[in-house]
>>> print(open('target_19.cif').read())   # mmCIF, C-alpha atoms
data_final
loop_
_atom_site.label_atom_id
_atom_site.label_comp_id
_atom_site.auth_asym_id
_atom_site.auth_seq_id
_atom_site.Cartn_x
_atom_site.Cartn_y
_atom_site.Cartn_z
CA MET J 28 44.79 -3.36 132.08
CA ASN J 29 41.28 -2.45 133.27
CA ARG J 30 38.44 -4.93 133.11
CA PHE J 31 36.62 -3.37 130.15
CA VAL J 32 39.77 -3.51 128.03
CA ALA J 33 40.22 -7.13 129.15
CA ALA J 34 36.71 -7.96 127.97
CA GLU J 35 37.19 -6.18 124.66
CA ARG J 36 40.51 -7.92 124.06
CA ALA J 37 39.02 -11.32 124.95
CA LEU J 38 36.25 -10.87 122.37
CA ARG J 39 38.57 -9.63 119.64
CA SER J 40 40.98 -12.53 120.11
CA ALA J 41 38.35 -15.29 120.48
CA ALA J 42 37.68 -17.79 117.70
CA PRO J 43 34.52 -16.88 115.74
CA HIS J 44 32.50 -19.75 117.22
CA ARG J 45 33.68 -19.05 120.80
CA LEU J 46 32.40 -15.50 121.36
CA VAL J 47 29.78 -16.58 123.91
CA GLU J 48 32.34 -18.55 125.92
CA ALA J 49 34.79 -15.66 125.72
CA VAL J 50 32.34 -13.05 127.00
CA ARG J 51 31.08 -15.45 129.68
CA ASP J 52 34.59 -16.19 130.95
CA VAL J 53 35.67 -12.57 131.16
CA LEU J 54 32.41 -11.31 132.73
CA CYS J 55 32.52 -14.02 135.37
CA ALA J 56 36.21 -13.37 136.13
CA GLU J 57 36.27 -9.56 135.95
CA TYR J 58 32.71 -8.54 136.88
CA GLU J 59 31.71 -11.44 139.20
CA ALA J 60 28.81 -12.43 136.93
CA THR J 61 27.25 -15.77 137.84
CA SER J 62 25.77 -16.55 134.43
CA VAL J 63 25.91 -15.09 130.91
CA GLU J 64 23.67 -16.00 127.96
CA LEU J 65 23.26 -14.56 124.49
CA TYR J 66 19.87 -14.53 122.73
CA LEU J 67 19.51 -13.55 119.06
CA ALA J 68 16.34 -12.45 117.28
CA ASP J 69 14.93 -14.99 114.85
CA TYR J 70 14.26 -14.10 111.20
CA ALA J 71 10.60 -13.31 111.86
CA LEU J 72 11.41 -11.07 114.86
CA VAL J 73 9.01 -13.16 116.92
CA GLN J 74 11.45 -14.96 119.24
CA LEU J 75 14.78 -14.39 120.93
CA GLN J 76 16.75 -17.63 120.71
CA GLU J 77 19.65 -18.71 122.88
CA VAL J 78 22.99 -19.22 121.20
CA HIS J 79 24.11 -22.72 122.16
CA THR J 80 27.59 -23.96 121.32
CA THR J 81 26.74 -27.57 122.21
CA ASP J 82 24.10 -29.98 120.95
CA GLY J 83 21.83 -29.19 123.90
CA ARG J 84 18.38 -27.73 123.39
CA ALA J 85 18.49 -23.95 123.13
CA GLU J 86 15.93 -21.89 125.02
CA SER J 87 13.79 -19.19 123.41
CA VAL J 88 11.68 -16.32 124.77
CA PRO J 89 9.13 -14.08 123.04
CA ALA J 90 10.52 -10.94 121.43
CA ARG J 91 7.45 -9.14 122.83
CA GLY J 92 6.12 -9.51 126.36
CA SER J 93 9.27 -10.94 127.97
CA THR J 94 11.93 -9.21 130.06
CA ALA J 95 14.54 -9.81 127.36
CA GLY J 96 12.05 -8.61 124.76
CA ARG J 97 11.58 -5.41 126.74
CA ALA J 98 15.28 -4.60 126.40
CA PHE J 99 15.25 -5.65 122.75
CA GLY J 100 12.27 -3.44 121.91
CA SER J 101 13.28 -0.36 123.89
CA GLN J 102 16.98 -0.70 123.10
CA GLU J 103 17.68 0.19 126.72
CA PRO J 104 19.21 -2.05 129.43
CA TYR J 105 16.59 -3.57 131.69
CA THR J 106 17.29 -4.76 135.25
CA GLU J 107 15.27 -7.69 136.58
CA LYS J 108 15.31 -8.33 140.36
CA LEU J 109 15.81 -11.93 141.48
CA THR J 110 15.76 -13.68 144.85
CA GLY J 111 18.61 -13.30 147.31
CA GLY J 112 19.48 -9.78 146.18
CA ARG J 113 20.65 -10.95 142.76
CA VAL J 114 19.77 -9.10 139.58
CA ARG J 115 19.61 -10.08 135.91
CA LEU J 116 20.68 -7.49 133.36
CA HIS J 117 19.19 -7.57 129.87
CA LEU J 118 21.53 -5.68 127.54
CA PRO J 119 20.70 -4.89 123.88
CA VAL J 120 23.17 -6.26 121.34
CA THR J 121 23.03 -3.78 118.48
CA VAL J 122 25.35 -2.73 115.65
CA ARG J 123 24.84 0.77 114.22
CA GLY J 124 21.10 0.56 114.73
CA ASP J 125 20.74 -3.07 113.60
CA ARG J 126 19.20 -4.97 116.52
CA LEU J 127 20.73 -8.45 116.82
CA GLY J 128 19.56 -9.64 120.22
CA VAL J 129 20.10 -9.42 123.97
CA LEU J 130 22.98 -10.33 126.29
CA ILE J 131 21.65 -11.57 129.66
CA VAL J 132 24.02 -11.22 132.61
CA THR J 133 23.18 -12.36 136.16
CA MET J 134 24.97 -10.44 138.92
CA PRO J 135 25.17 -11.35 142.64
CA SER J 136 24.07 -7.90 143.85
CA ALA J 137 22.26 -4.80 142.66
CA GLU J 138 25.13 -2.61 143.84
CA GLY J 139 27.67 -4.42 141.72
CA ALA J 140 25.31 -4.41 138.75
CA ASP J 141 24.64 -0.68 139.00
CA GLY J 142 28.33 0.13 139.15
CA ALA J 143 29.10 -2.00 136.10
CA LEU J 144 25.97 -1.34 134.01
CA ASP J 145 27.48 1.18 131.58
CA GLU J 146 30.54 -0.97 130.95
CA LEU J 147 28.46 -4.11 130.50
CA ALA J 148 26.19 -2.30 128.02
CA ASP J 149 29.28 -1.27 126.04
CA ILE J 150 30.59 -4.84 126.10
CA ALA J 151 27.26 -6.00 124.63
CA GLN J 152 27.84 -3.58 121.73
CA VAL J 153 31.38 -4.87 121.22
CA LEU J 154 29.96 -8.40 121.16
CA GLY J 155 27.51 -7.34 118.45
CA HIS J 156 30.31 -6.05 116.23
CA GLU J 157 32.26 -9.27 116.73
CA ILE J 158 29.21 -11.38 115.79
CA VAL J 159 28.86 -9.48 112.50
CA VAL J 160 32.53 -10.17 111.72
CA ALA J 161 32.29 -13.79 112.89
CA ASP J 162 29.36 -14.48 110.53
CA ARG J 163 31.91 -14.58 107.70
CA ASP J 164 33.60 -17.62 109.23
CA THR J 165 30.97 -19.59 111.15
CA ASP J 166 27.30 -20.54 110.77
CA LEU J 167 26.78 -20.70 114.54
CA TYR J 168 24.95 -17.37 114.90
CA MET J 169 22.92 -17.77 111.72
CA ARG J 170 21.76 -21.19 112.90
CA ALA J 171 20.80 -19.71 116.25
CA ARG J 172 18.51 -17.19 114.54
CA ARG J 173 16.34 -19.92 112.98
CA ALA J 174 13.09 -20.90 114.62
CA ASP J 175 12.27 -22.94 111.50
CA ARG J 176 14.02 -24.10 108.36
CA LEU J 177 14.56 -21.51 105.64
CA THR J 178 13.62 -22.37 102.08
CA LEU J 179 16.52 -22.13 99.65
CA ALA J 180 14.97 -19.02 98.06
CA ALA J 181 14.66 -17.40 101.49
CA GLU J 182 18.27 -18.32 102.31
CA MET J 183 19.41 -16.50 99.18
CA GLN J 184 17.27 -13.46 99.94
CA TRP J 185 18.41 -13.05 103.56
CA GLN J 186 22.04 -13.36 102.49
CA LEU J 187 21.44 -10.48 100.09
CA LEU J 188 20.11 -8.07 102.73
CA PRO J 189 22.24 -5.39 104.42
CA GLY J 190 20.56 -5.90 107.81
CA ARG J 191 17.09 -5.14 109.17
CA SER J 192 17.74 -1.67 110.53
CA CYS J 193 20.36 1.04 110.56
CA ALA J 194 20.62 4.54 111.98
CA GLY J 195 22.64 7.73 111.84
CA PRO J 196 22.30 11.19 113.40
CA GLU J 197 19.97 12.31 110.60
CA TYR J 198 17.95 9.15 109.89
CA ALA J 199 16.75 5.73 111.00
CA VAL J 200 15.67 2.84 108.80
CA GLY J 201 13.86 -0.40 109.64
CA ALA J 202 12.66 -3.19 107.33
CA GLN J 203 11.07 -6.63 107.50
CA LEU J 204 9.99 -9.37 105.09
CA GLU J 205 7.15 -11.87 105.39
CA PRO J 206 6.93 -14.84 105.29
CA ALA J 207 10.39 -14.65 106.85
CA TYR J 208 11.23 -18.32 106.31
CA ALA J 209 9.82 -18.64 102.78
CA ILE J 210 10.35 -15.27 101.11
CA HIS J 211 10.64 -15.26 97.30
CA GLY J 212 11.42 -12.06 95.39
CA ASP J 213 10.85 -9.04 97.64
CA ASN J 214 13.97 -7.35 98.92
CA PHE J 215 15.50 -4.13 100.21
CA ASP J 216 18.95 -2.60 100.19
CA TRP J 217 20.57 0.58 101.45
CA SER J 218 23.88 2.38 101.68
CA ALA J 219 24.77 5.54 103.59
CA ASP J 220 27.74 7.87 103.69
CA ALA J 221 28.33 11.34 105.10
CA GLU J 222 26.21 13.01 102.43
CA ARG J 223 23.36 10.70 101.46
CA LEU J 224 21.32 7.58 102.06
CA MET J 225 20.39 5.45 99.05
CA LEU J 226 17.60 2.93 99.45
CA TYR J 227 16.09 0.30 97.12
CA VAL J 228 12.72 -1.37 97.71
CA THR J 229 12.31 -4.32 95.37
CA ASN J 230 9.39 -6.50 94.30
CA GLY J 231 10.71 -9.29 92.08
CA MET J 232 8.26 -11.26 89.97
CA GLY J 233 7.88 -15.02 90.13
CA GLU J 234 8.22 -17.56 92.93
CA GLY J 235 10.86 -19.65 94.61
CA ILE J 236 14.39 -19.90 93.26
CA GLU J 237 13.56 -18.10 90.00
CA ALA J 238 12.31 -15.04 91.90
CA SER J 239 15.35 -15.07 94.17
CA LEU J 240 17.80 -15.38 91.26
CA LEU J 241 16.10 -12.49 89.47
CA THR J 242 16.26 -10.28 92.57
CA ASN J 243 19.91 -11.20 93.17
CA LEU J 244 20.79 -10.08 89.66
CA GLY J 245 18.83 -6.85 89.98
CA ILE J 246 20.20 -5.86 93.40
CA ASN J 247 23.79 -6.61 92.45
CA ALA J 248 23.41 -4.68 89.20
CA LEU J 249 22.11 -1.69 91.19
CA ARG J 250 24.96 -2.00 93.70
CA ASN J 251 27.50 -2.19 90.91
CA ALA J 252 26.17 1.04 89.39
CA ARG J 253 25.88 2.75 92.79
CA ARG J 254 29.44 1.88 93.75
CA ALA J 255 30.61 3.38 90.47
CA GLY J 256 29.23 6.69 91.75
CA LEU J 257 26.30 6.94 89.32
CA SER J 258 23.04 8.81 89.92
CA ILE J 259 19.89 6.82 90.72
CA GLU J 260 18.61 7.47 87.17
CA ASP J 261 21.75 5.86 85.71
CA GLN J 262 21.68 3.09 88.31
CA ALA J 263 18.18 2.19 87.15
CA ALA J 264 19.19 2.33 83.47
CA LEU J 265 22.21 0.06 83.90
CA ALA J 266 20.34 -2.44 86.06
CA ASP J 267 17.54 -2.40 83.49
CA GLN J 268 20.04 -3.37 80.78
CA ALA J 269 21.56 -6.13 82.92
CA VAL J 270 18.20 -7.75 83.68
CA PHE J 271 17.03 -7.48 80.07
CA ALA J 272 20.29 -9.00 78.80
CA GLN J 273 19.67 -12.05 80.98
CA TYR J 274 15.89 -12.50 80.63
CA ARG J 275 15.06 -10.69 77.34
CA GLY J 276 11.94 -9.12 78.85
CA GLU J 277 10.39 -12.38 80.06
CA SER J 278 11.14 -11.47 83.69
CA TYR J 279 11.57 -8.05 85.27
CA ILE J 280 11.85 -6.32 88.64
CA SER J 281 9.75 -3.57 90.18
CA VAL J 282 11.90 -1.16 92.23
CA LEU J 283 11.66 2.13 94.05
CA LEU J 284 15.06 3.85 94.09
CA VAL J 285 15.41 6.54 96.76
CA ASP J 286 18.21 9.08 97.17
CA LEU J 287 18.05 11.17 100.36
CA GLU J 288 20.47 14.07 100.83
CA LEU J 289 20.99 13.91 104.58
CA ARG J 290 21.93 17.53 105.24
CA THR J 291 19.03 19.09 103.35
CA GLY J 292 16.30 16.44 103.15
CA ARG J 293 16.28 16.69 99.36
CA LEU J 294 14.61 13.45 98.30
CA ARG J 295 14.78 12.07 94.77
CA VAL J 296 12.86 8.94 93.76
CA VAL J 297 12.74 6.74 90.66
CA ASP J 298 9.49 4.75 90.55
CA ALA J 299 10.16 1.69 88.41
CA GLY J 300 7.27 -0.54 89.41
CA SER J 301 4.79 -1.53 92.07
CA PRO J 302 6.25 -0.74 95.55
CA ARG J 303 4.33 2.19 97.04
CA MET J 304 5.45 5.11 99.19
CA LEU J 305 3.51 6.92 101.93
CA ARG J 306 4.51 9.86 104.12
CA LEU J 307 3.52 10.35 107.76
CA ARG J 308 3.72 14.00 108.81
CA GLY J 309 2.32 14.65 112.26
CA ARG J 310 -0.74 12.39 112.33
CA THR J 311 -1.52 12.65 108.61
CA VAL J 312 -0.66 9.89 106.14
CA THR J 313 -0.32 10.94 102.50
CA PRO J 314 0.26 8.51 99.61
CA ILE J 315 3.06 9.88 97.44
CA ASP J 316 2.02 9.81 93.82
CA LEU J 317 4.99 9.37 91.51
CA GLU J 318 5.23 9.05 87.75
CA ALA J 319 5.16 5.31 87.17
CA GLN J 320 7.98 4.11 84.96
CA LEU J 321 8.75 0.71 83.49
CA PRO J 322 10.10 -2.06 85.73
CA LEU J 323 13.76 -2.96 85.29
CA GLY J 324 14.36 -5.43 82.46
CA MET J 325 11.05 -5.10 80.63
CA PHE J 326 12.62 -3.56 77.50
CA GLU J 327 16.12 -3.33 76.10
CA GLU J 328 16.81 0.35 76.80
CA THR J 329 14.72 2.52 79.10
CA ASP J 330 15.47 6.04 80.28
CA TYR J 331 14.51 6.77 83.87
CA VAL J 332 13.70 10.10 85.50
CA ALA J 333 13.98 10.96 89.20
CA HIS J 334 11.27 13.03 90.85
CA GLU J 335 11.68 15.19 93.93
CA VAL J 336 9.47 14.65 96.97
CA ASP J 337 8.80 17.22 99.68
CA LEU J 338 10.40 16.16 102.96
CA ALA J 339 10.52 18.00 106.30
CA PRO J 340 12.39 17.17 109.53
CA GLY J 341 10.38 14.62 111.51
CA ASP J 342 8.78 13.04 108.44
CA ARG J 343 8.36 9.27 108.29
CA LEU J 344 8.26 7.43 104.97
CA LEU J 345 6.77 3.95 104.55
CA PHE J 346 7.52 1.78 101.52
CA VAL J 347 5.36 -1.30 100.97
CA SER J 348 5.09 -4.03 98.35
CA ASP J 349 1.84 -5.22 96.78
CA GLY J 350 1.87 -8.11 99.25
CA VAL J 351 0.83 -5.52 101.85
CA TYR J 352 -1.70 -3.17 100.27
CA ALA J 353 -3.29 -5.80 97.99
CA VAL J 354 -3.66 -8.64 100.50
CA CYS J 355 -7.24 -9.84 100.99
CA ALA J 356 -9.19 -10.82 104.08
CA PRO J 357 -11.03 -14.19 104.07
CA GLY J 358 -14.12 -12.31 102.82
CA GLY J 359 -12.22 -10.83 99.89
CA GLU J 360 -11.75 -7.27 101.21
CA GLU J 361 -8.40 -5.76 100.24
CA TYR J 362 -6.22 -4.32 102.99
CA GLY J 363 -5.86 -1.13 100.97
CA GLU J 364 -4.41 2.30 101.67
CA ARG J 365 -7.02 3.26 104.29
CA SER J 366 -6.20 0.31 106.55
CA LEU J 367 -2.50 0.82 105.90
CA ALA J 368 -2.79 4.49 106.89
CA ARG J 369 -4.46 3.50 110.17
CA ALA J 370 -1.68 1.03 110.91
CA ILE J 371 0.96 3.68 110.17
CA VAL J 372 -0.65 6.20 112.52
CA SER J 373 -1.06 3.59 115.25
CA THR J 374 2.70 2.89 115.16
CA SER J 375 3.77 6.55 115.01
CA LEU J 376 5.38 6.45 118.46
CA LEU J 377 7.50 3.38 117.70
CA PRO J 378 11.09 3.70 116.46
CA ALA J 379 11.66 2.98 112.78
CA ALA J 380 13.19 -0.43 113.52
CA GLU J 381 9.95 -1.60 115.19
CA VAL J 382 7.44 -0.21 112.71
CA PRO J 383 7.68 -2.83 109.90
CA ARG J 384 7.04 -5.75 112.25
CA ALA J 385 4.12 -3.89 113.86
CA VAL J 386 2.53 -3.11 110.48
CA LEU J 387 2.94 -6.73 109.39
CA ARG J 388 1.19 -7.88 112.59
CA GLU J 389 -1.75 -5.66 111.66
CA LEU J 390 -1.69 -7.17 108.17
CA SER J 391 -1.69 -10.68 109.60
CA GLY J 392 -4.80 -9.84 111.63
CA HIS J 393 -6.55 -8.65 108.45
CA ARG J 394 -5.55 -11.76 106.52
CA GLY J 395 -6.72 -14.08 109.28
CA ALA J 396 -5.34 -17.59 109.71
CA THR J 397 -4.59 -18.05 106.02
CA GLU J 398 -0.99 -18.31 104.88
CA PRO J 399 0.29 -15.29 102.90
CA ALA J 400 -0.11 -15.85 99.17
CA ASP J 401 2.55 -13.27 98.32
CA ASP J 402 5.66 -11.75 99.83
CA ALA J 403 5.03 -8.73 102.06
CA LEU J 404 7.71 -6.08 102.52
CA VAL J 405 7.63 -2.97 104.73
CA VAL J 406 10.44 -0.43 104.99
CA CYS J 407 10.28 2.58 107.34
CA LEU J 408 12.53 5.62 106.92
CA ASP J 409 12.63 8.46 109.45
CA TRP J 410 14.41 11.72 108.61
CA PHE J 411 15.18 13.74 111.74
CA GLY J 412 16.71 16.69 109.94
CA PRO J 413 20.34 17.83 109.82
CA PRO J 414 22.27 17.50 113.09
CA GLU J 415 22.55 20.63 115.15
CA VAL J 416 25.88 22.42 114.91
CA ALA J 417 27.38 23.04 118.34
#
>>> encode(input="target_19.cif", output="structure tokens")
Amino acid sequence: MNRFVAAERALRSAAPHRLVEAVRDVLCAEYEATSVELYLADYALVQLQEVHTTDGRAESVPARGSTAGRAFGSQEPYTEKLTGGRVRLHLPVTVRGDRLGVLIVTMPSAEGADGALDELADIAQVLGHEIVVADRDTDLYMRARRADRLTLAAEMQWQLLPGRSCAGPEYAVGAQLEPAYAIHGDNFDWSADAERLMLYVTNGMGEGIEASLLTNLGINALRNARRAGLSIEDQAALADQAVFAQYRGESYISVLLVDLELRTGRLRVVDAGSPRMLRLRGRTVTPIDLEAQLPLGMFEETDYVAHEVDLAPGDRLLFVSDGVYAVCAPGGEEYGERSLARAIVSTSLLPAAEVPRAVLRELSGHRGATEPADDALVVCLDWFGPPEVA
């Protein structure tokens, strides 16, 4: 049995809470590593936090401006030279485009590290998959992601999310919520198969637990309709009925429902509320004007219509909630579409997974030191075009 298979087997057979010990043991025994640590990104994507299996104090490093952060941002292994000929490898831990963190492996020599780099990078990916599975049975990795305590509403919202990024040959998606530790009603969801990507961008009304409960009902109603194979128009109609049945029009949800046909770029959108959509093509940002339709749950029975949007290979779509474009500076000036367009252009070279956090940093600079008064949600969708046929 070769050493990569030994590492893979060790991870797959380890108890959910012992993945770090398992990967450390096998890398030290089979690859002569001298130390192995796992760092996971916190909910705000500001820090990478060490996964500690004991009660000791866990270390943290910045997600930007650190050596580990360099590997996390670029999604490429980064080799750091140490004294005595040793090297430290920073290996991205990622699952199908969803960036979880960084595995840091110290090796006694550069030669040994170079010869094992590809295998170690693959082991970091296997570790990522095992963490996703282990999250069903242990809180260890979710606790490690917390730089602060989550509010109960935020706990409910993060549990509802599919991830913060995903990617396929034809597309890449990234998303982020703010304030990460006290989010209320904003949310996003997606699902992809061989033919299409479906995406929801949600702005739930209200605050705290009530907003989170409303969004939970709306998202699960949409998922229920989507998994029954219904079109986005019918998904919106059935979710509308579910929310109205519960709240009788007193509470409702604003949603953009997006259906992207991956092979052709045919894009169909149902605009049921306030989230906005902008397209970056080249260096030009264009707001996409859609026919505004009623939010889900406002009335007992509403018919929804999908509208087609022009999409070309290389296009980038940004979806934002009113907590982005309507936020005010201390002097009262709204952020607005012009500032948002500048932020989108300034992040055009970043991958989709990095764009939402970068836009929210720009927004934070506009807002100043004040705490956000509303949830802010940014989702970035890149369509690369159909894959080339060999």
>>> resolve_selection(input="target_19.cif", expression="the PyMOL selection byres ((chain J and resi 115-119) around 8)", output="PyMOL selection string")
chain J and resi 94-95+98-99+102-109+113-114+120-121+126-134+140+147-148+151-152
>>> residues_around(input="target_19.cif", residues="J:Gly324", least_positions_apart="3", cutoff="6 Å", atoms="only C-alpha atoms", output="short mmCIF file (atom, residue, chain, number, x, y, z; two decimals) with C-alpha atoms, in the coordinates of the input")
data_model
loop_
_atom_site.label_atom_id
_atom_site.label_comp_id
_atom_site.auth_asym_id
_atom_site.auth_seq_id
_atom_site.Cartn_x
_atom_site.Cartn_y
_atom_site.Cartn_z
CA ASP J 267 17.54 -2.40 83.49
CA VAL J 270 18.20 -7.75 83.68
CA PHE J 271 17.03 -7.48 80.07
CA GLY J 276 11.94 -9.12 78.85
CA TYR J 279 11.57 -8.05 85.27
#
>>> residues_around(input="target_19.cif", residues="J:Leu54", least_positions_apart="5", cutoff="10 Å", atoms="only C-alpha atoms", output="PDB file with C-alpha atoms, in the coordinates of the input")
ATOM      1  CA  ARG J  30      38.440  -4.930 133.110  1.00  0.00           C
ATOM      2  CA  PHE J  31      36.620  -3.370 130.150  1.00  0.00           C
ATOM      3  CA  ALA J  33      40.220  -7.130 129.150  1.00  0.00           C
ATOM      4  CA  ALA J  34      36.710  -7.960 127.970  1.00  0.00           C
ATOM      5  CA  GLU J  48      32.340 -18.550 125.920  1.00  0.00           C
ATOM      6  CA  ALA J  49      34.790 -15.660 125.720  1.00  0.00           C
ATOM      7  CA  GLU J  59      31.710 -11.440 139.200  1.00  0.00           C
ATOM      8  CA  ALA J  60      28.810 -12.430 136.930  1.00  0.00           C
ATOM      9  CA  THR J  61      27.250 -15.770 137.840  1.00  0.00           C
ATOM     10  CA  SER J  62      25.770 -16.550 134.430  1.00  0.00           C
ATOM     11  CA  VAL J  63      25.910 -15.090 130.910  1.00  0.00           C
ATOM     12  CA  VAL J 132      24.020 -11.220 132.610  1.00  0.00           C
ATOM     13  CA  THR J 133      23.180 -12.360 136.160  1.00  0.00           C
ATOM     14  CA  MET J 134      24.970 -10.440 138.920  1.00  0.00           C
ATOM     15  CA  LEU J 147      28.460  -4.110 130.500  1.00  0.00           C
ATOM     16  CA  ILE J 150      30.590  -4.840 126.100  1.00  0.00           C
TER      17      ILE J 150
END
>>> resolve_selection(input="target_19.cif", expression="the PyMOL selection byres ((chain J and resi 226) around 7)", output="list in words")
Asp216, Trp217, Ser218, Leu224, Met225, Tyr227, Val228, Leu284, Val285 and Asp286 of chain J
>>> resolve_selection(input="target_19.cif", expression="the PyMOL selection byres ((chain J and resi 288) around 10)", output="list in words")
Glu197, Ala219, Asp220, Ala221, Glu222, Arg223, Leu224, Met225, Val285, Asp286, Leu287, Leu289, Arg290, Thr291, Gly292, Arg293, Leu294, Arg295 and Pro413 of chain J
>>> closest_residue(input="target_19.cif", among="J:Ser375, J:Ser348, J:Arg123, J:Asp298", to="J:Gly212", atoms="only C-alpha atoms")
J:Ser348
>>> atom_distance(input="target_19.cif", atom1="atom CA of J:Glu381", atom2="atom CA of J:Gly100")
7.3 Å
>>> atom_distance(input="target_19.cif", atom1="atom CA of J:Ala180", atom2="atom CA of J:Phe215")
15.1 Å
>>> atom_distance(input="target_19.cif", atom1="atom CA of J:Glu415", atom2="atom CA of J:Tyr198")
13.4 Å
>>> build_atoms(input="target_19.cif", residues="stretch 124-140 of chain J", atoms="N, CA, C and O atoms", output="PDB file, in the frame of the given file")
ATOM      1  N   GLY J 124      22.548   0.532 114.909  1.00  0.00           N
ATOM      2  CA  GLY J 124      21.100   0.560 114.730  1.00  0.00           C
ATOM      3  C   GLY J 124      20.477  -0.767 114.354  1.00  0.00           C
ATOM      4  O   GLY J 124      19.247  -0.899 114.404  1.00  0.00           O
ATOM      5  N   ASP J 125      21.276  -1.758 113.966  1.00  0.00           N
ATOM      6  CA  ASP J 125      20.740  -3.070 113.600  1.00  0.00           C
ATOM      7  C   ASP J 125      20.648  -3.933 114.852  1.00  0.00           C
ATOM      8  O   ASP J 125      21.669  -4.313 115.441  1.00  0.00           O
ATOM      9  N   ARG J 126      19.438  -4.251 115.273  1.00  0.00           N
ATOM     10  CA  ARG J 126      19.200  -4.970 116.520  1.00  0.00           C
ATOM     11  C   ARG J 126      19.410  -6.471 116.304  1.00  0.00           C
ATOM     12  O   ARG J 126      18.662  -7.104 115.579  1.00  0.00           O
ATOM     13  N   LEU J 127      20.419  -7.034 116.972  1.00  0.00           N
ATOM     14  CA  LEU J 127      20.730  -8.450 116.820  1.00  0.00           C
ATOM     15  C   LEU J 127      20.085  -9.304 117.900  1.00  0.00           C
ATOM     16  O   LEU J 127      19.614 -10.405 117.630  1.00  0.00           O
ATOM     17  N   GLY J 128      20.092  -8.823 119.143  1.00  0.00           N
ATOM     18  CA  GLY J 128      19.560  -9.640 120.220  1.00  0.00           C
ATOM     19  C   GLY J 128      19.794  -9.008 121.569  1.00  0.00           C
ATOM     20  O   GLY J 128      19.869  -7.789 121.698  1.00  0.00           O
ATOM     21  N   VAL J 129      19.956  -9.873 122.595  1.00  0.00           N
ATOM     22  CA  VAL J 129      20.100  -9.420 123.970  1.00  0.00           C
ATOM     23  C   VAL J 129      21.132 -10.290 124.681  1.00  0.00           C
ATOM     24  O   VAL J 129      21.103 -11.520 124.561  1.00  0.00           O
ATOM     25  N   LEU J 130      22.033  -9.636 125.421  1.00  0.00           N
ATOM     26  CA  LEU J 130      22.980 -10.330 126.290  1.00  0.00           C
ATOM     27  C   LEU J 130      22.407 -10.296 127.705  1.00  0.00           C
ATOM     28  O   LEU J 130      22.100  -9.223 128.231  1.00  0.00           O
ATOM     29  N   ILE J 131      22.254 -11.472 128.330  1.00  0.00           N
ATOM     30  CA  ILE J 131      21.650 -11.570 129.660  1.00  0.00           C
ATOM     31  C   ILE J 131      22.735 -11.945 130.664  1.00  0.00           C
ATOM     32  O   ILE J 131      23.376 -12.993 130.537  1.00  0.00           O
ATOM     33  N   VAL J 132      22.950 -11.061 131.639  1.00  0.00           N
ATOM     34  CA  VAL J 132      24.020 -11.220 132.610  1.00  0.00           C
ATOM     35  C   VAL J 132      23.425 -11.219 134.013  1.00  0.00           C
ATOM     36  O   VAL J 132      22.756 -10.256 134.412  1.00  0.00           O
ATOM     37  N   THR J 133      23.645 -12.283 134.773  1.00  0.00           N
ATOM     38  CA  THR J 133      23.180 -12.360 136.160  1.00  0.00           C
ATOM     39  C   THR J 133      24.303 -11.941 137.090  1.00  0.00           C
ATOM     40  O   THR J 133      25.419 -12.454 136.992  1.00  0.00           O
ATOM     41  N   MET J 134      23.985 -10.983 137.984  1.00  0.00           N
ATOM     42  CA  MET J 134      24.970 -10.440 138.920  1.00  0.00           C
ATOM     43  C   MET J 134      24.547 -10.768 140.353  1.00  0.00           C
ATOM     44  O   MET J 134      23.350 -10.834 140.670  1.00  0.00           O
ATOM     45  N   PRO J 135      25.522 -10.949 141.266  1.00  0.00           N
ATOM     46  CA  PRO J 135      25.170 -11.350 142.640  1.00  0.00           C
ATOM     47  C   PRO J 135      24.517 -10.258 143.462  1.00  0.00           C
ATOM     48  O   PRO J 135      23.865 -10.549 144.465  1.00  0.00           O
ATOM     49  N   SER J 136      24.666  -8.979 143.061  1.00  0.00           N
ATOM     50  CA  SER J 136      24.070  -7.900 143.850  1.00  0.00           C
ATOM     51  C   SER J 136      23.681  -6.736 142.959  1.00  0.00           C
ATOM     52  O   SER J 136      24.293  -6.520 141.905  1.00  0.00           O
ATOM     53  N   ALA J 137      22.686  -5.972 143.408  1.00  0.00           N
ATOM     54  CA  ALA J 137      22.260  -4.800 142.660  1.00  0.00           C
ATOM     55  C   ALA J 137      23.332  -3.728 142.658  1.00  0.00           C
ATOM     56  O   ALA J 137      23.517  -3.006 141.668  1.00  0.00           O
ATOM     57  N   GLU J 138      24.073  -3.622 143.760  1.00  0.00           N
ATOM     58  CA  GLU J 138      25.130  -2.610 143.840  1.00  0.00           C
ATOM     59  C   GLU J 138      26.204  -2.858 142.797  1.00  0.00           C
ATOM     60  O   GLU J 138      26.625  -1.940 142.087  1.00  0.00           O
ATOM     61  N   GLY J 139      26.648  -4.085 142.718  1.00  0.00           N
ATOM     62  CA  GLY J 139      27.670  -4.420 141.720  1.00  0.00           C
ATOM     63  C   GLY J 139      27.158  -4.247 140.306  1.00  0.00           C
ATOM     64  O   GLY J 139      27.898  -3.806 139.425  1.00  0.00           O
ATOM     65  N   ALA J 140      25.891  -4.573 140.080  1.00  0.00           N
ATOM     66  CA  ALA J 140      25.310  -4.410 138.750  1.00  0.00           C
ATOM     67  C   ALA J 140      25.213  -2.942 138.362  1.00  0.00           C
ATOM     68  O   ALA J 140      25.538  -2.560 137.231  1.00  0.00           O
TER      69      ALA J 140
END
